[in-house]
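upload-v6.cif (mmCIF, C-alpha atoms)
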data_query
#
loop_
_atom_site.group_PDB
_atom_site.id
_atom_site.type_symbol
_atom_site.label_atom_id
_atom_site.label_comp_id
_atom_site.auth_asym_id
_atom_site.auth_seq_id
_atom_site.Cartn_x
_atom_site.Cartn_y
_atom_site.Cartn_z
ATOM 1 C CA MET A 1 0.000 0.000 0.000
ATOM 2 C CA LYS A 2 1.278 3.466 -0.945
ATOM 3 C CA VAL A 3 0.869 6.444 1.353
ATOM 4 C CA ALA A 4 1.736 10.035 0.390
ATOM 5 C CA ILE A 5 2.266 12.601 3.144
ATOM 6 C CA VAL A 6 1.784 16.275 2.310
ATOM 7 C CA GLN A 7 4.440 18.660 3.607
ATOM 8 C CA PHE A 8 3.815 22.407 3.889
ATOM 9 C CA PRO A 9 6.294 24.923 5.276
ATOM 10 C CA GLY A 10 5.730 24.439 9.012
ATOM 11 C CA THR A 11 4.503 20.829 8.885
ATOM 12 C CA ASN A 12 6.304 18.940 11.668
ATOM 13 C CA CYS A 13 4.625 15.536 11.957
ATOM 14 C CA ASP A 14 5.503 14.459 8.415
ATOM 15 C CA TYR A 15 8.362 12.154 9.390
ATOM 16 C CA ASP A 16 6.491 10.715 12.413
ATOM 17 C CA THR A 17 3.599 9.923 10.091
ATOM 18 C CA GLU A 18 5.965 8.385 7.553
ATOM 19 C CA TYR A 19 7.538 6.275 10.321
ATOM 20 C CA ALA A 20 4.100 5.097 11.490
ATOM 21 C CA PHE A 21 2.969 3.930 8.062
ATOM 22 C CA LYS A 22 6.366 2.315 7.370
ATOM 23 C CA GLU A 23 5.897 0.411 10.650
ATOM 24 C CA LEU A 24 2.637 -0.876 9.189
ATOM 25 C CA GLY A 25 4.466 -2.066 6.074
ATOM 26 C CA CYS A 26 3.408 0.715 3.705
ATOM 27 C CA GLU A 27 5.461 2.365 0.997
ATOM 28 C CA THR A 28 5.617 6.084 1.744
ATOM 29 C CA GLN A 29 6.530 9.323 0.048
ATOM 30 C CA ILE A 30 6.677 12.913 1.265
ATOM 31 C CA LEU A 31 4.848 15.259 -1.082
ATOM 32 C CA TRP A 32 6.056 18.896 -1.028
ATOM 33 C CA HIS A 33 3.142 21.335 -1.218
ATOM 34 C CA LYS A 34 4.374 22.900 -4.486
ATOM 35 C CA ASN A 35 3.502 19.682 -6.312
ATOM 36 C CA GLU A 36 0.455 20.074 -8.498
ATOM 37 C CA SER A 37 -0.485 16.428 -8.874
ATOM 38 C CA ILE A 38 -0.904 13.236 -6.895
ATOM 39 C CA ALA A 39 0.301 9.953 -8.429
ATOM 40 C CA SER A 40 -2.578 7.705 -9.436
ATOM 41 C CA ASP A 41 -1.180 4.720 -7.503
ATOM 42 C CA ILE A 42 -1.408 6.484 -4.104
ATOM 43 C CA ASP A 43 -3.853 4.601 -1.841
ATOM 44 C CA LEU A 44 -3.946 7.136 0.982
ATOM 45 C CA LEU A 45 -3.009 10.787 1.198
ATOM 46 C CA VAL A 46 -2.187 12.119 4.660
ATOM 47 C CA ILE A 47 -2.081 15.794 5.595
ATOM 48 C CA ALA A 48 0.167 15.664 8.619
ATOM 49 C CA GLY A 49 0.203 17.802 11.735
ATOM 50 C CA GLY A 50 2.266 20.886 12.493
ATOM 51 C CA PHE A 51 1.926 24.607 12.038
ATOM 52 C CA SER A 52 1.598 25.159 8.302
ATOM 53 C CA TYR A 53 2.532 28.759 7.465
ATOM 54 C CA GLY A 54 3.013 29.418 11.177
ATOM 55 C CA ASP A 55 -0.760 29.146 11.722
ATOM 56 C CA TYR A 56 -0.885 32.768 10.521
ATOM 57 C CA LEU A 57 -4.367 34.270 10.038
ATOM 58 C CA ARG A 58 -6.056 30.986 11.127
ATOM 59 C CA SER A 59 -4.701 27.447 11.420
ATOM 60 C CA GLY A 60 -4.754 25.914 7.942
ATOM 61 C CA ALA A 61 -6.114 29.042 6.225
ATOM 62 C CA ILE A 62 -3.067 29.760 4.074
ATOM 63 C CA ALA A 63 -2.063 26.140 3.401
ATOM 64 C CA ARG A 64 -5.462 25.733 1.803
ATOM 65 C CA PHE A 65 -4.244 27.788 -1.164
ATOM 66 C CA SER A 66 -0.996 25.845 -1.719
ATOM 67 C CA PRO A 67 -0.707 24.326 -5.219
ATOM 68 C CA ILE A 68 -1.117 20.751 -3.903
ATOM 69 C CA MET A 69 -4.570 21.482 -2.474
ATOM 70 C CA LYS A 70 -6.172 21.765 -5.936
ATOM 71 C CA ALA A 71 -4.861 18.279 -6.646
ATOM 72 C CA VAL A 72 -6.153 17.103 -3.251
ATOM 73 C CA SER A 73 -9.658 18.353 -4.123
ATOM 74 C CA GLU A 74 -9.543 16.491 -7.450
ATOM 75 C CA TYR A 75 -8.220 13.384 -5.712
ATOM 76 C CA VAL A 76 -11.110 13.534 -3.228
ATOM 77 C CA LYS A 77 -13.646 14.056 -6.034
ATOM 78 C CA ASP A 78 -12.326 10.913 -7.710
ATOM 79 C CA GLY A 79 -12.899 8.953 -4.486
ATOM 80 C CA GLY A 80 -9.311 9.024 -3.181
ATOM 81 C CA LYS A 81 -8.891 8.591 0.584
ATOM 82 C CA VAL A 82 -7.503 11.494 2.616
ATOM 83 C CA LEU A 83 -6.607 11.599 6.310
ATOM 84 C CA GLY A 84 -5.950 14.921 8.047
ATOM 85 C CA ILE A 85 -4.289 14.766 11.449
ATOM 86 C CA CYS A 86 -4.325 17.845 13.721
ATOM 87 C CA ASN A 87 -3.190 20.709 11.466
ATOM 88 C CA GLY A 88 -4.229 18.446 8.570
ATOM 89 C CA PHE A 89 -7.764 18.405 9.998
ATOM 90 C CA GLN A 90 -7.682 22.209 10.190
ATOM 91 C CA VAL A 91 -6.501 22.428 6.564
ATOM 92 C CA LEU A 92 -9.349 20.127 5.474
ATOM 93 C CA THR A 93 -12.038 22.205 7.222
ATOM 94 C CA GLU A 94 -10.565 25.446 5.826
ATOM 95 C CA SER A 95 -10.656 23.808 2.367
ATOM 96 C CA HIS A 96 -14.315 22.873 2.905
ATOM 97 C CA LEU A 97 -13.441 19.231 2.287
ATOM 98 C CA LEU A 98 -14.775 18.630 5.817
ATOM 99 C CA PRO A 99 -17.574 20.576 7.540
ATOM 100 C CA GLY A 100 -17.087 22.836 10.565
ATOM 101 C CA ALA A 101 -14.116 24.782 11.895
ATOM 102 C CA LEU A 102 -11.477 24.438 14.625
ATOM 103 C CA LYS A 103 -11.470 27.298 17.121
ATOM 104 C CA ARG A 104 -9.026 28.192 19.890
ATOM 105 C CA ASN A 105 -9.275 25.713 22.813
ATOM 106 C CA GLU A 106 -11.964 26.807 25.247
ATOM 107 C CA HIS A 107 -9.544 27.462 28.109
ATOM 108 C CA LEU A 108 -7.025 29.015 25.709
ATOM 109 C CA HIS A 109 -4.177 26.678 26.700
ATOM 110 C CA PHE A 110 -2.078 24.646 24.303
ATOM 111 C CA LEU A 111 -2.844 21.033 25.221
ATOM 112 C CA SER A 112 -0.156 18.353 24.944
ATOM 113 C CA LYS A 113 -1.009 15.086 26.697
ATOM 114 C CA HIS A 114 -2.449 11.635 26.260
ATOM 115 C CA HIS A 115 -6.238 11.546 26.018
ATOM 116 C CA HIS A 116 -8.764 8.760 25.594
ATOM 117 C CA LEU A 117 -11.081 8.572 22.622
ATOM 118 C CA LYS A 118 -14.197 6.539 22.016
ATOM 119 C CA VAL A 119 -15.221 5.177 18.628
ATOM 120 C CA VAL A 120 -18.621 6.628 17.691
ATOM 121 C CA SER A 121 -18.999 5.226 14.197
ATOM 122 C CA ASN A 122 -17.146 2.391 12.480
ATOM 123 C CA SER A 123 -19.157 2.366 9.258
ATOM 124 C CA ASN A 124 -16.157 3.751 7.378
ATOM 125 C CA THR A 125 -12.741 2.663 6.074
ATOM 126 C CA PHE A 126 -10.752 4.415 8.807
ATOM 127 C CA LEU A 127 -12.347 2.849 11.888
ATOM 128 C CA GLY A 128 -13.908 -0.147 10.154
ATOM 129 C CA LYS A 129 -11.684 -2.593 12.028
ATOM 130 C CA MET A 130 -12.457 -1.087 15.436
ATOM 131 C CA ASP A 131 -15.474 -1.747 17.636
ATOM 132 C CA LYS A 132 -18.150 0.814 18.360
ATOM 133 C CA ASP A 133 -17.511 2.363 21.827
ATOM 134 C CA GLU A 134 -13.959 1.001 21.798
ATOM 135 C CA VAL A 135 -11.686 3.266 23.881
ATOM 136 C CA VAL A 136 -8.146 4.120 22.763
ATOM 137 C CA ASN A 137 -5.379 6.175 24.337
ATOM 138 C CA ILE A 138 -3.927 8.686 21.854
ATOM 139 C CA PRO A 139 -1.853 11.865 22.362
ATOM 140 C CA ILE A 140 -3.324 15.275 21.624
ATOM 141 C CA ALA A 141 -1.201 18.367 20.951
ATOM 142 C CA HIS A 142 -3.075 21.445 19.806
ATOM 143 C CA HIS A 143 -4.068 25.033 20.486
ATOM 144 C CA ASP A 144 -6.941 25.224 18.014
ATOM 145 C CA GLY A 145 -8.815 21.962 18.503
ATOM 146 C CA ASN A 146 -12.179 23.289 19.595
ATOM 147 C CA PHE A 147 -14.415 21.780 16.906
ATOM 148 C CA PHE A 148 -17.427 23.885 15.947
ATOM 149 C CA VAL A 149 -20.444 23.174 13.745
ATOM 150 C CA ASP A 150 -23.894 24.712 13.940
ATOM 151 C CA ALA A 151 -26.756 22.668 15.391
ATOM 152 C CA ASP A 152 -28.237 21.682 12.019
ATOM 153 C CA THR A 153 -24.911 20.464 10.650
ATOM 154 C CA LEU A 154 -24.305 18.537 13.871
ATOM 155 C CA LYS A 155 -27.582 16.669 13.395
ATOM 156 C CA GLU A 156 -26.617 15.851 9.820
ATOM 157 C CA LEU A 157 -23.214 14.564 10.952
ATOM 158 C CA TYR A 158 -24.805 12.118 13.379
ATOM 159 C CA LYS A 159 -27.495 11.093 10.924
ATOM 160 C CA ASN A 160 -24.906 10.235 8.251
ATOM 161 C CA GLU A 161 -22.591 8.553 10.789
ATOM 162 C CA GLN A 162 -19.893 11.142 10.077
ATOM 163 C CA VAL A 163 -18.916 11.628 13.720
ATOM 164 C CA LEU A 164 -15.951 9.296 14.201
ATOM 165 C CA LEU A 165 -14.621 9.898 17.708
ATOM 166 C CA HIS A 166 -15.548 11.489 21.032
ATOM 167 C CA TYR A 167 -13.049 12.602 23.674
ATOM 168 C CA CYS A 168 -13.603 10.533 26.802
ATOM 169 C CA ASP A 169 -11.909 9.268 29.960
ATOM 170 C CA GLU A 170 -10.364 5.814 30.371
ATOM 171 C CA ASN A 171 -13.794 4.354 31.196
ATOM 172 C CA GLY A 172 -15.379 5.755 28.067
ATOM 173 C CA GLU A 173 -17.255 8.535 29.883
ATOM 174 C CA ILE A 174 -17.348 11.788 27.923
ATOM 175 C CA SER A 175 -14.483 14.124 28.927
ATOM 176 C CA ASN A 176 -14.012 17.246 26.848
ATOM 177 C CA PRO A 177 -10.488 18.746 26.887
ATOM 178 C CA ASN A 178 -10.967 21.677 24.519
ATOM 179 C CA GLY A 179 -14.628 22.726 24.315
ATOM 180 C CA SER A 180 -15.424 20.893 21.065
ATOM 181 C CA VAL A 181 -19.118 20.691 20.205
ATOM 182 C CA ASP A 182 -20.403 17.416 21.658
ATOM 183 C CA SER A 183 -16.823 16.480 22.597
ATOM 184 C CA ILE A 184 -16.070 15.583 18.968
ATOM 185 C CA ALA A 185 -12.451 14.622 18.207
ATOM 186 C CA GLY A 186 -12.819 13.500 14.598
ATOM 187 C CA ILE A 187 -15.242 13.445 11.677
ATOM 188 C CA CYS A 188 -15.462 12.365 8.044
ATOM 189 C CA ASN A 189 -17.245 13.767 4.979
ATOM 190 C CA ALA A 190 -20.618 12.475 3.780
ATOM 191 C CA GLU A 191 -18.923 10.340 1.089
ATOM 192 C CA LYS A 192 -16.683 8.815 3.785
ATOM 193 C CA ASN A 193 -13.378 9.228 1.980
ATOM 194 C CA VAL A 194 -12.071 12.301 3.839
ATOM 195 C CA PHE A 195 -11.195 11.867 7.520
ATOM 196 C CA GLY A 196 -10.016 14.437 10.043
ATOM 197 C CA LEU A 197 -9.076 14.218 13.696
ATOM 198 C CA MET A 198 -7.174 16.388 16.176
ATOM 199 C CA PRO A 199 -5.440 13.534 18.123
ATOM 200 C CA HIS A 200 -2.206 11.995 16.805
ATOM 201 C CA PRO A 201 -2.459 8.223 16.165
ATOM 202 C CA GLU A 202 1.004 8.356 14.538
ATOM 203 C CA ARG A 203 2.450 9.227 17.967
ATOM 204 C CA ALA A 204 1.024 6.079 19.580
ATOM 205 C CA MET A 205 2.836 3.320 17.724
ATOM 206 C CA GLU A 206 4.718 1.519 20.506
ATOM 207 C CA ALA A 207 3.908 0.593 24.101
ATOM 208 C CA ILE A 208 7.302 1.806 25.363
ATOM 209 C CA LEU A 209 6.291 5.353 24.400
ATOM 210 C CA GLY A 210 2.996 5.196 26.298
ATOM 211 C CA SER A 211 0.530 3.631 23.886
ATOM 212 C CA GLN A 212 0.346 1.631 20.707
ATOM 213 C CA ASP A 213 -3.341 2.258 20.141
ATOM 214 C CA GLY A 214 -2.497 4.402 17.116
ATOM 215 C CA ARG A 215 -1.649 1.219 15.227
ATOM 216 C CA LYS A 216 -5.201 -0.061 15.610
ATOM 217 C CA MET A 217 -6.515 3.171 14.135
ATOM 218 C CA LEU A 218 -4.159 3.536 11.185
ATOM 219 C CA GLU A 219 -4.410 -0.182 10.358
ATOM 220 C CA GLY A 220 -7.977 0.520 9.238
ATOM 221 C CA PHE A 221 -6.540 1.974 6.040
ATOM 222 C CA LEU A 222 -4.492 -1.107 5.215
ATOM 223 C CA LYS A 223 -5.820 -3.275 2.431
ATOM 224 C CA ASP A 224 -6.988 -6.693 3.563
ATOM 225 C CA MET B 1 -7.559 53.587 -0.923
ATOM 226 C CA LYS B 2 -7.354 51.961 2.462
ATOM 227 C CA ALA B 3 -9.628 49.122 3.548
ATOM 228 C CA ILE B 4 -10.023 48.232 7.200
ATOM 229 C CA VAL B 5 -11.424 44.752 7.747
ATOM 230 C CA ASN B 6 -12.721 43.887 11.201
ATOM 231 C CA ILE B 7 -13.217 40.181 11.833
ATOM 232 C CA SER B 8 -14.979 38.729 14.867
ATOM 233 C CA LEU B 9 -16.567 35.466 15.916
ATOM 234 C CA LYS B 10 -20.251 35.242 14.986
ATOM 235 C CA ALA B 11 -22.872 35.901 17.617
ATOM 236 C CA GLY B 12 -23.653 32.523 19.142
ATOM 237 C CA VAL B 13 -20.085 31.238 18.699
ATOM 238 C CA LEU B 14 -18.416 31.235 22.108
ATOM 239 C CA ASP B 15 -15.513 33.712 22.246
ATOM 240 C CA SER B 16 -13.130 32.211 24.822
ATOM 241 C CA GLN B 17 -10.640 35.069 24.500
ATOM 242 C CA GLY B 18 -13.377 37.636 25.027
ATOM 243 C CA LYS B 19 -14.519 35.729 28.090
ATOM 244 C CA ALA B 20 -10.991 35.607 29.547
ATOM 245 C CA VAL B 21 -10.518 39.348 28.964
ATOM 246 C CA HIS B 22 -13.909 39.994 30.578
ATOM 247 C CA HIS B 23 -12.830 37.994 33.662
ATOM 248 C CA ALA B 24 -9.587 39.970 33.839
ATOM 249 C CA LEU B 25 -11.467 43.297 33.636
ATOM 250 C CA ASP B 26 -13.749 42.087 36.449
ATOM 251 C CA ALA B 27 -10.695 41.149 38.508
ATOM 252 C CA LEU B 28 -9.330 44.666 37.988
ATOM 253 C CA LYS B 29 -12.650 46.022 39.340
ATOM 254 C CA PHE B 30 -13.721 47.666 36.075
ATOM 255 C CA GLU B 31 -17.457 47.726 36.523
ATOM 256 C CA GLY B 32 -20.280 47.896 34.016
ATOM 257 C CA VAL B 33 -18.728 45.761 31.255
ATOM 258 C CA ASN B 34 -21.604 43.660 29.907
ATOM 259 C CA ASP B 35 -19.765 41.697 27.263
ATOM 260 C CA VAL B 36 -16.321 41.494 25.608
ATOM 261 C CA ARG B 37 -15.601 40.204 22.114
ATOM 262 C CA VAL B 38 -12.034 39.924 20.797
ATOM 263 C CA GLY B 39 -11.541 40.155 17.045
ATOM 264 C CA LYS B 40 -8.805 41.028 14.615
ATOM 265 C CA GLN B 41 -8.208 43.897 12.257
ATOM 266 C CA ILE B 42 -6.587 43.645 8.845
ATOM 267 C CA VAL B 43 -5.606 46.878 7.090
ATOM 268 C CA LEU B 44 -5.201 46.734 3.321
ATOM 269 C CA ASN B 45 -3.608 49.397 1.181
ATOM 270 C CA LEU B 46 -5.319 49.142 -2.201
ATOM 271 C CA ALA B 47 -4.380 50.358 -5.674
ATOM 272 C CA GLN B 48 -8.090 50.548 -6.529
ATOM 273 C CA THR B 49 -9.521 54.075 -6.376
ATOM 274 C CA GLU B 50 -13.202 53.364 -7.074
ATOM 275 C CA LYS B 51 -15.083 52.654 -3.892
ATOM 276 C CA GLU B 52 -17.585 50.192 -5.336
ATOM 277 C CA LYS B 53 -14.916 48.097 -7.036
ATOM 278 C CA ALA B 54 -12.767 48.182 -3.915
ATOM 279 C CA LEU B 55 -15.674 46.936 -1.814
ATOM 280 C CA ALA B 56 -16.312 44.076 -4.242
ATOM 281 C CA GLU B 57 -12.635 43.104 -4.246
ATOM 282 C CA VAL B 58 -12.269 43.161 -0.474
ATOM 283 C CA THR B 59 -15.532 41.261 -0.013
ATOM 284 C CA GLU B 60 -14.133 38.519 -2.235
ATOM 285 C CA MET B 61 -10.900 38.524 -0.207
ATOM 286 C CA CYS B 62 -12.902 38.122 2.998
ATOM 287 C CA GLU B 63 -15.039 35.308 1.625
ATOM 288 C CA SER B 64 -12.095 33.325 0.258
ATOM 289 C CA LEU B 65 -9.306 33.931 2.771
ATOM 290 C CA LEU B 66 -9.520 36.685 5.369
ATOM 291 C CA ALA B 67 -12.508 35.330 7.315
ATOM 292 C CA ASN B 68 -13.768 31.812 7.942
ATOM 293 C CA THR B 69 -17.469 32.409 7.437
ATOM 294 C CA VAL B 70 -18.348 29.176 9.244
ATOM 295 C CA ILE B 71 -17.472 30.904 12.524
ATOM 296 C CA GLU B 72 -16.601 34.524 11.723
ATOM 297 C CA ASP B 73 -18.308 37.733 10.579
ATOM 298 C CA TYR B 74 -16.465 40.565 8.864
ATOM 299 C CA GLU B 75 -17.017 44.295 8.381
ATOM 300 C CA ILE B 76 -15.292 46.375 5.743
ATOM 301 C CA GLU B 77 -14.569 50.079 6.099
ATOM 302 C CA LEU B 78 -13.135 51.988 3.157
ATOM 303 C CA ILE B 79 -11.121 55.181 3.599
ATOM 304 C CA SER B 80 -10.168 57.127 0.469
#
As a first step, turn the structure in this file into structure tokens.
Amino acid sequence: MKVAIVQFPGTNCDYDTEYAFKELGCETQILWHKNESIASDIDLLVIAGGFSYGDYLRSGAIARFSPIMKAVSEYVKDGGKVLGICNGFQVLTESHLLPGALKRNEHLHFLSKHHHLKVVSNSNTFLGKMDKDEVVNIPIAHHDGNFFVDADTLKELYKNEQVLLHYCDENGEISNPNGSVDSIAGICNAEKNVFGLMPHPERAMEAILGSQDGRKMLEGFLKD
Amino acid sequence: MKAIVNISLKAGVLDSQGKAVHHALDALKFEGVNDVRVGKQIVLNLAQTEKEKALAEVTEMCESLLANTVIEDYEIELIS
């Protein structure tokens, strides 16, 4: 399986993400944002975390207009799978490839810690191999992770099973670190080929570093 | 022509920064502050000299880049 990882100026989780997918046996390539096309044999495109363009104006707002993003939109239209992690999630909402927006964390602090997540919907490629209500331990590291959608859009998201993950405690009880609407940590688009989440599964690949639950999540993308 | 763009979170979208500033003003014993909203201001120096065209251009800038209309409102003031 071939995974391409988009790199903007300011992306800093590109090599962690590459490491994670290599661990899972994937072929990987880093795709500089000036590229205007995505190879047709790419099975998954990842927009990695970081601070693209220094988060100037709004997180992800300037990256959205990088040359590669036109190709990403085309790739999505053709049914290609895209995963946005952290800043990648912000870039995808700014690009309108995912609904909603990521605001400053409610208590204004930058959060960097492990947090538990609960699987809300597994009727999609990403979490298809996980159980509903399964709890995983994944690091979060963000300043603008406060997910916002209006009430009508929120209803739609639940109706279409687009809400992927809730923040919770180790027992699966809702625990909201950043003020996100309904404690939402990740969503997908209606077509279920674009996925975005604030937590970092690529940073939870081995038990010695605190958790290997990220493997379970990213393995969903692997071909059977 | 100069364009001043004021961007703020929409009414109904919680403004955490505004709330924190409000708390701080309360702590400093400034009384009578009912609400605080924190926004940002972007000042553009434009080559365009016609007001109507300038307004159209800046509106397009706001819609595509300067504001995220999912959560933000914007106001444009033109000074010739």
Each residue of chain B lying at most 8 Å from chain A should get a row with its shortest atom-to-atom pair and the distance in Å to one decimal, counting all atoms listed in the file; could you produce that, ordered by chain and increasing number, as a Markdown table?
| residue | atom | partner | partner_atom | distance |
| --- | --- | --- | --- | --- |
| B:Ser16 | CA | A:Glu106 | CA | 5.5 |
| B:Gln17 | CA | A:Leu108 | CA | 7.2 |
| B:Leu65 | CA | A:Ala61 | CA | 6.8 |
| B:Leu66 | CA | A:Leu57 | CA | 7.4 |
| B:Asn68 | CA | A:Glu94 | CA | 7.4 |
| B:Val70 | CA | A:Gly100 | CA | 6.6 |
| B:Ile71 | CA | A:Ala101 | CA | 7.0 |
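These residues, each with an atom at most 6 Å from (-3.4, 51.9, 5.2) using all atoms listed in the file, are Lys2, Val43, Leu44 and Asn45 of chain B.
Our summary of the geometry notes that CA of Asp144 (chain A) is positioned 27.5 Å from CA of Gly128 (chain A).
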Residues matched by the PyMOL selection byres ((chain B and resi 72) around 6), written as a PyMOL selection string: chain B and resi 8-10+68-69+71+73
Ground truth for the PyMOL selection byres ((chain A and resi 89) around 8), written as a list of chain:residue names: A:Ile47, A:Leu83, A:Gly84, A:Ile85, A:Cys86, A:Asn87, A:Gly88, A:Gln90, A:Val91, A:Leu92, A:Thr93, A:Phe195, A:Gly196, A:Leu197, A:Met198
